[in-house]
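File shown: my_file_11.txt (compact mmCIF, C-alpha atoms).
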```
# COMPACT_ATOMS: atom_id res chain seq x y z
CA MET A 134 35.49 36.28 55.36
CA LEU A 135 36.54 39.75 56.46
CA GLN A 136 36.34 41.05 52.87
CA THR A 137 32.87 39.59 52.46
CA ARG A 138 31.72 41.34 55.64
CA ARG A 139 33.16 44.63 54.44
CA ARG A 140 31.34 44.31 51.13
CA LEU A 141 28.06 43.61 52.92
CA LEU A 142 28.56 46.67 55.12
CA GLN A 143 29.34 48.82 52.07
CA ALA A 144 26.24 47.55 50.30
CA ALA A 145 24.10 48.30 53.34
CA THR A 146 25.52 51.82 53.44
CA LEU A 147 25.04 52.48 49.74
CA TRP A 148 21.53 51.02 49.44
CA PRO A 149 19.62 54.02 50.89
CA ALA A 150 21.54 56.39 48.64
CA LEU A 151 20.91 54.25 45.56
CA HIS A 152 17.23 53.95 46.46
CA ALA A 153 16.94 57.74 46.81
CA LEU A 154 18.75 58.22 43.51
CA HIS A 155 16.39 55.81 41.78
CA ALA A 156 13.35 57.61 43.21
CA ALA A 157 14.77 60.95 42.13
CA GLY A 158 15.23 59.57 38.62
CA ARG A 159 11.53 58.89 38.21
CA GLU A 160 9.74 61.47 36.14
CA PHE A 161 7.44 63.76 38.12
CA TRP A 162 4.37 62.63 36.17
CA GLU A 163 4.96 59.11 37.48
CA SER A 164 5.91 59.98 41.05
CA ASN A 165 3.52 62.89 41.75
CA ASP A 166 -0.24 63.17 41.60
CA PRO A 167 -1.43 65.43 38.73
CA ALA A 168 -3.08 67.74 41.26
CA ALA A 169 0.38 68.40 42.71
CA TRP A 170 2.07 69.26 39.41
CA SER A 171 3.48 72.77 39.44
CA SER A 172 3.04 75.26 36.60
CA GLU A 173 6.64 74.64 35.60
CA GLU A 174 6.10 70.89 35.49
CA LYS A 175 2.98 71.29 33.38
CA ALA A 176 4.92 73.55 31.01
CA ILE A 177 7.57 70.82 30.68
CA LEU A 178 4.93 68.25 29.77
CA LEU A 179 3.36 70.59 27.21
CA GLY A 180 6.59 71.81 25.66
CA GLN A 181 9.48 69.43 26.27
CA SER A 182 8.54 65.88 27.17
CA PRO A 183 8.21 62.45 25.52
CA TRP A 184 4.82 63.62 24.20
CA ALA A 185 6.04 67.02 23.00
CA ARG A 186 9.10 66.97 20.79
CA GLU A 187 10.62 69.57 18.54
CA GLY A 188 11.14 68.82 14.88
CA ILE A 189 12.45 70.85 11.98
CA VAL A 190 10.48 71.57 8.83
CA ARG A 191 13.15 71.69 6.15
CA PHE A 192 12.87 73.44 2.82
CA GLU A 193 14.05 71.03 0.14
CA ALA A 194 15.54 73.34 -2.48
CA GLY A 195 14.98 72.51 -6.10
CA LYS A 196 11.71 70.62 -5.58
CA LYS A 197 8.52 71.92 -7.10
CA GLY A 198 5.00 71.17 -6.01
CA ALA A 199 1.98 72.57 -4.26
CA THR A 200 1.71 76.29 -3.66
CA GLY A 201 0.97 77.88 -1.15
CA SER A 202 -8.42 80.57 13.72
CA TYR A 203 -9.28 75.65 13.05
CA GLU A 204 -10.63 75.08 9.60
CA GLY A 205 -11.55 71.62 8.30
CA VAL A 206 -9.58 70.42 5.29
CA ALA A 207 -11.63 68.27 2.89
CA ARG A 208 -14.42 69.18 5.27
CA PRO A 209 -15.77 66.01 6.93
CA GLY A 210 -19.29 65.20 8.05
CA GLY A 211 -20.84 65.82 11.43
CA ASP A 212 -19.28 62.69 12.98
CA VAL A 213 -15.76 64.08 12.61
CA PRO A 214 -14.24 66.23 15.38
CA GLY A 215 -14.35 69.92 14.53
CA ALA A 216 -16.96 69.60 11.80
CA ARG A 217 -19.88 72.02 11.74
CA PRO A 218 -22.20 70.90 8.95
CA GLY A 219 -24.43 73.95 9.30
CA ASN A 220 -21.66 76.48 8.66
CA SER A 221 -21.52 78.45 5.47
CA PRO A 222 -18.61 77.77 3.06
CA GLY A 223 -15.35 79.31 4.18
CA SER A 224 -16.32 79.50 7.84
CA VAL A 225 -13.61 78.75 10.36
CA PRO A 226 -14.45 76.36 13.23
CA THR A 227 -11.92 76.87 15.97
CA VAL A 228 -10.37 74.89 18.81
CA PRO A 229 -9.09 76.73 21.90
CA ILE A 230 -5.34 77.21 22.00
CA GLY A 231 -4.63 78.80 25.37
CA GLU A 232 -0.91 79.12 24.73
CA ARG A 233 1.45 81.79 23.49
CA PRO A 234 2.15 81.66 19.74
CA PRO A 235 5.47 80.02 18.78
CA PRO A 236 8.54 82.15 17.99
CA ALA A 237 9.15 83.36 14.46
CA PRO A 238 10.82 80.76 12.25
CA SER A 239 14.59 80.90 11.91
CA THR A 240 16.36 80.90 8.57
CA ASP A 241 19.90 80.07 7.49
CA THR A 242 21.99 82.28 5.24
CA GLY A 243 22.38 79.54 2.63
CA GLN A 244 19.92 77.48 0.63
CA SER A 245 18.47 75.82 3.73
CA VAL A 246 15.39 77.34 5.36
CA ARG A 247 14.26 75.71 8.59
CA PHE A 248 11.16 76.14 10.73
CA PRO A 249 11.23 74.76 14.29
CA VAL A 250 7.95 72.95 14.93
CA LEU A 251 6.58 71.46 18.14
CA ALA A 252 4.84 68.11 17.61
CA ARG A 253 2.63 67.16 20.58
CA TRP A 254 0.28 64.24 21.19
CA GLU A 255 -2.79 66.16 22.33
CA SER A 256 -4.73 62.94 22.82
CA ALA A 257 -2.21 61.59 25.38
CA ARG A 258 -3.54 61.54 28.94
CA PRO A 259 -0.53 63.35 30.51
CA ILE A 260 -1.05 66.24 28.08
CA ARG A 261 -4.73 66.42 28.93
CA LEU A 262 -3.92 66.37 32.67
CA ALA A 263 -1.31 69.11 32.20
CA GLY A 264 -3.95 71.47 30.81
CA GLY A 265 -3.63 70.97 27.08
CA PRO A 266 -6.16 73.03 25.10
CA GLU A 267 -9.63 71.58 24.72
CA LEU A 268 -10.17 69.18 21.83
CA PRO A 269 -13.30 68.85 19.67
CA GLU A 270 -15.87 66.28 20.70
CA GLY A 271 -15.51 62.80 19.26
CA THR A 272 -11.72 62.59 19.30
CA ALA A 273 -11.48 59.41 21.41
CA ARG A 274 -11.08 57.23 18.33
CA TYR A 275 -8.15 59.27 17.04
CA TYR A 276 -4.52 59.90 17.84
CA VAL A 277 -4.39 63.71 17.77
CA ILE A 278 -1.08 65.46 17.13
CA ARG A 279 -0.71 69.23 17.29
CA LEU A 280 1.91 70.95 15.14
CA ARG A 281 2.94 74.45 16.24
CA GLY A 282 5.07 76.72 14.05
CA MET A 283 4.18 75.38 10.61
CA PRO A 284 5.28 77.44 7.57
CA LEU A 285 1.81 78.75 6.76
CA LEU A 286 0.82 82.20 5.54
CA PRO A 287 -0.94 84.52 8.02
CA PRO A 288 -4.62 85.27 7.39
CA PRO A 289 -5.34 88.32 5.19
CA LYS A 290 -5.81 91.58 7.05
CA GLY A 291 -9.03 93.56 6.80
CA GLY A 292 -12.31 92.56 5.21
CA ASN A 293 -14.26 89.47 6.20
CA PRO A 294 -11.84 86.61 6.94
CA GLU A 295 -14.63 84.05 6.58
CA SER A 296 -15.31 85.04 2.97
CA ALA A 297 -11.64 85.41 1.93
CA PRO A 298 -9.98 82.43 0.21
CA ASN A 299 -7.53 80.50 2.36
CA PRO A 300 -4.00 81.25 1.06
CA ASN A 301 -2.78 77.97 2.56
CA GLN A 302 -5.39 75.66 1.04
CA GLY A 303 -3.00 74.00 -1.41
CA MET A 304 -0.42 73.33 1.28
CA LEU A 305 -3.05 72.12 3.75
CA ASP A 306 -4.37 69.63 1.20
CA ALA A 307 -0.81 68.39 0.65
CA ILE A 308 -0.22 68.03 4.39
CA LYS A 309 -3.41 66.03 4.83
CA GLN A 310 -2.56 63.72 1.96
CA ASN A 311 1.09 63.18 2.89
CA CYS A 312 1.25 63.09 6.71
CA ARG A 313 1.38 59.69 8.39
CA ILE A 314 2.52 57.88 11.51
CA GLU A 315 5.10 55.35 10.37
CA ARG A 316 5.38 52.04 12.23
CA LYS A 317 8.14 49.48 11.85
CA GLY A 318 6.82 46.34 10.17
CA LYS A 319 3.26 47.67 10.02
CA ILE A 320 1.18 49.78 7.69
CA ALA A 321 1.53 53.50 8.36
CA ILE A 322 -1.47 55.39 9.74
CA SER A 323 -2.49 58.15 7.34
CA CYS A 324 -3.90 61.48 8.40
CA ASP A 325 -7.68 61.18 8.40
CA HIS A 326 -8.30 64.93 8.49
CA LEU A 327 -6.86 68.09 9.97
CA LEU A 328 -7.98 71.37 11.49
CA THR A 329 -6.13 74.66 11.24
CA GLY A 330 -5.75 77.55 13.64
CA SER A 331 -6.91 81.12 13.20
CA GLY A 332 -5.52 84.52 14.12
CA GLU A 333 -2.30 84.27 16.11
CA SER A 334 -2.62 80.48 15.97
CA ALA A 335 -2.69 80.36 12.17
CA THR A 336 0.53 78.33 12.12
CA GLU A 337 -0.97 75.55 14.25
CA LEU A 338 -2.55 72.34 12.99
CA LEU A 339 -4.36 69.44 14.59
CA LEU A 340 -3.79 66.16 12.76
CA PHE A 341 -6.19 63.26 13.34
CA PHE A 342 -5.06 59.65 12.85
CA ALA A 343 -7.59 56.84 13.34
CA ARG A 344 -6.62 54.36 16.08
CA GLY A 345 -8.36 51.59 14.15
CA LYS A 346 -8.28 47.87 14.91
CA ASP A 347 -4.50 47.69 15.19
CA PRO A 348 -3.52 50.41 17.70
CA ILE A 349 0.08 51.32 18.39
CA THR A 350 1.79 49.18 21.07
CA VAL A 351 4.93 49.80 23.10
CA GLY A 352 6.48 46.73 21.48
CA GLU A 353 6.86 48.75 18.28
CA LYS A 354 9.54 50.76 20.12
CA VAL A 355 9.42 53.86 17.90
CA VAL A 356 6.88 55.62 15.69
CA THR A 357 7.72 58.49 13.37
CA LEU A 358 5.53 61.37 12.31
CA GLU A 359 6.34 61.97 8.63
CA CYS A 360 4.95 64.97 6.77
CA ARG A 361 6.12 65.71 3.25
CA PHE A 362 4.45 68.69 1.64
CA ILE A 363 6.64 69.85 -1.22
CA PRO A 364 8.94 71.70 -0.92
CA PHE A 365 8.91 71.00 2.85
CA HIS A 366 9.61 67.90 4.92
CA LEU A 367 9.05 67.20 8.62
CA SER A 368 10.12 64.05 10.48
CA VAL A 369 9.77 63.57 14.27
CA LYS A 370 10.57 60.32 16.09
CA PHE A 371 8.76 59.26 19.27
CA PRO A 372 10.35 56.48 21.41
CA LEU A 373 7.33 54.66 22.80
CA LYS A 374 9.02 53.35 25.96
CA ASP A 375 9.25 56.96 27.15
CA MET A 376 5.55 57.58 26.54
CA MET A 377 4.31 55.37 29.34
CA TYR A 378 1.99 56.73 32.03
CA LYS A 379 0.93 54.69 35.07
CA GLY A 380 2.12 51.49 33.42
CA ALA A 381 0.34 51.98 30.09
CA LEU A 382 1.26 53.49 26.76
CA ALA A 383 -0.32 56.97 26.65
CA LEU A 384 -1.07 58.21 23.17
```

What's the structure tokens form of this structure?
Amino acid sequence: MLQTRRRLLQAATLWPALHALHAAGREFWESNDPAAWSSEEKAILLGQSPWAREGIVRFEAGKKGATGSYEGVARPGGDVPGARPGNSPGSVPTVPIGERPPPAPSTDTGQSVRFPVLARWESARPIRLAGGPELPEGTARYYVIRLRGMPLLPPPKGGNPESAPNPNQGMLDAIKQNCRIERKGKIAISCDHLLTGSGESATELLLFFARGKDPITVGEKVVTLECRFIPFHLSVKFPLKDMMYKGALAL
């Protein structure tokens, strides 16, 4: 009886501490109102959060393939975000970036060449609330993923950039054709179209994936962004249970 009483007293003493620890363990985007998020917290959401994960574009030596500021690839019609049907060929529709350009890619001394890339779900509500750059109109029916730090060539210097051929066109076509969101037990979602950055943001891409009639659910546990554009490969996993906001999956 005495031992039982002691255990009850210990539990009563520990409960407030455990409750405080549990509250402290909640992510700030769940416990705090967006209006109260600090600049540092917003930067965490935009750069290192369940919606913003770093991946590595790896150079696969020995493979041959395509050669190689938001421009439409396989330019869509006016109902697609970022499209400007009235533009002349070669024009560059842009989407605001509002962020510092990523650091220069790192390379190894051996055969491996690696480019750190940030993959971020721009269409996710927490990213929008944290001040993510503006998206084109009509994106509600898409999952939109931004890739920062892609191994793309800078725009040519001098002359008229709108009339110059895009040195990355072959690689951009390959990215559009070979990027998908893989889902366990379900058909992967292919990239519908993409937009590219300009100027200092030339290594950024926006990838658009149609939500369709079978949207991603938290029960799928994990989705993987797979981009294979020879000789490069990018794979980034996103655990869906971590991408919840206010009780709902936020993508």

Neighbours of Thr357 of chain A within 12 Å (all atoms listed in the file; same-chain residues fewer than 3 positions away dropped), as a short mmCIF file (atom, residue, chain, number, x, y, z; two decimals) with C-alpha atoms, keeping the file's coordinate frame?
```
data_model
loop_
_atom_site.label_atom_id
_atom_site.label_comp_id
_atom_site.auth_asym_id
_atom_site.auth_seq_id
_atom_site.Cartn_x
_atom_site.Cartn_y
_atom_site.Cartn_z
CA ARG A 186 9.10 66.97 20.79
CA GLY A 188 11.14 68.82 14.88
CA ALA A 252 4.84 68.11 17.61
CA ILE A 278 -1.08 65.46 17.13
CA CYS A 312 1.25 63.09 6.71
CA ARG A 313 1.38 59.69 8.39
CA ILE A 314 2.52 57.88 11.51
CA GLU A 315 5.10 55.35 10.37
CA ARG A 316 5.38 52.04 12.23
CA LYS A 317 8.14 49.48 11.85
CA ALA A 321 1.53 53.50 8.36
CA ILE A 322 -1.47 55.39 9.74
CA SER A 323 -2.49 58.15 7.34
CA ILE A 349 0.08 51.32 18.39
CA GLU A 353 6.86 48.75 18.28
CA LYS A 354 9.54 50.76 20.12
CA CYS A 360 4.95 64.97 6.77
CA LEU A 367 9.05 67.20 8.62
CA SER A 368 10.12 64.05 10.48
CA VAL A 369 9.77 63.57 14.27
CA LYS A 370 10.57 60.32 16.09
CA PHE A 371 8.76 59.26 19.27
CA PRO A 372 10.35 56.48 21.41
CA LEU A 373 7.33 54.66 22.80
#
```

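For the pair atom CA of Val351 of chain A and atom CA of Glu173 of chain A, the separation is 27.9 Å.
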
Discussion item. Around (3.6, 73.1, 15.1), as given in the file, which residues come within 8 Å? Count all atoms listed in the file and list them as a PyMOL selection string.
Written reply: chain A and resi 249-252+279-283+336-338

Worksheet item: What separation in Å, quoted to one decimal, exists between atom CA of Ala263 of chain A and atom CA of Pro348 of chain A?
Response: 23.8 Å

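Here atom CA of Leu340 of chain A and atom CA of Tyr275 of chain A stand 9.2 Å from one another.
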
Mind working out the centre and edge lengths of an axis-aligned box for segment 185-190 of chain A, all listed atoms inside, 6 Å added to each side, rounded to one decimal in Å and written as JSON?
```
{"center_x": 9.2, "center_y": 69.3, "center_z": 15.9, "size_x": 18.4, "size_y": 16.6, "size_z": 26.2}
```

Is there a way to complete segment 308-322 of chain A with N, CA and C atoms and then write that out as a compact mmCIF listing (two decimals), in the coordinates of the input?
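Result file follows (rebuild-v4.txt):
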```
# COMPACT_ATOMS: atom_id res chain seq x y z
N ILE A 308 -0.54 68.54 3.06
CA ILE A 308 -0.22 68.03 4.39
C ILE A 308 -1.16 66.88 4.75
N LYS A 309 -2.45 67.08 4.51
CA LYS A 309 -3.41 66.03 4.83
C LYS A 309 -3.13 64.75 4.06
N GLN A 310 -2.77 64.89 2.81
CA GLN A 310 -2.56 63.72 1.96
C GLN A 310 -1.23 63.02 2.25
N ASN A 311 -0.26 63.74 2.80
CA ASN A 311 1.09 63.18 2.89
C ASN A 311 1.65 63.10 4.31
N CYS A 312 0.80 63.27 5.33
CA CYS A 312 1.25 63.09 6.71
C CYS A 312 0.82 61.71 7.19
N ARG A 313 1.69 61.03 7.90
CA ARG A 313 1.38 59.69 8.39
C ARG A 313 2.21 59.38 9.62
N ILE A 314 1.74 58.42 10.40
CA ILE A 314 2.52 57.88 11.51
C ILE A 314 3.12 56.57 11.02
N GLU A 315 4.44 56.54 10.88
CA GLU A 315 5.10 55.35 10.37
C GLU A 315 5.40 54.39 11.51
N ARG A 316 5.18 53.10 11.24
CA ARG A 316 5.38 52.04 12.23
C ARG A 316 6.25 50.95 11.61
N LYS A 317 7.24 50.49 12.37
CA LYS A 317 8.14 49.48 11.85
C LYS A 317 7.40 48.16 11.67
N GLY A 318 7.43 47.62 10.45
CA GLY A 318 6.82 46.34 10.17
C GLY A 318 5.32 46.38 10.06
N LYS A 319 4.71 47.57 10.12
CA LYS A 319 3.26 47.67 10.02
C LYS A 319 2.89 48.79 9.05
N ILE A 320 1.65 48.75 8.60
CA ILE A 320 1.18 49.78 7.69
C ILE A 320 1.10 51.12 8.41
N ALA A 321 1.58 52.16 7.77
CA ALA A 321 1.53 53.50 8.36
C ALA A 321 0.08 53.95 8.53
N ILE A 322 -0.14 54.83 9.50
CA ILE A 322 -1.47 55.39 9.74
C ILE A 322 -1.53 56.76 9.06
```
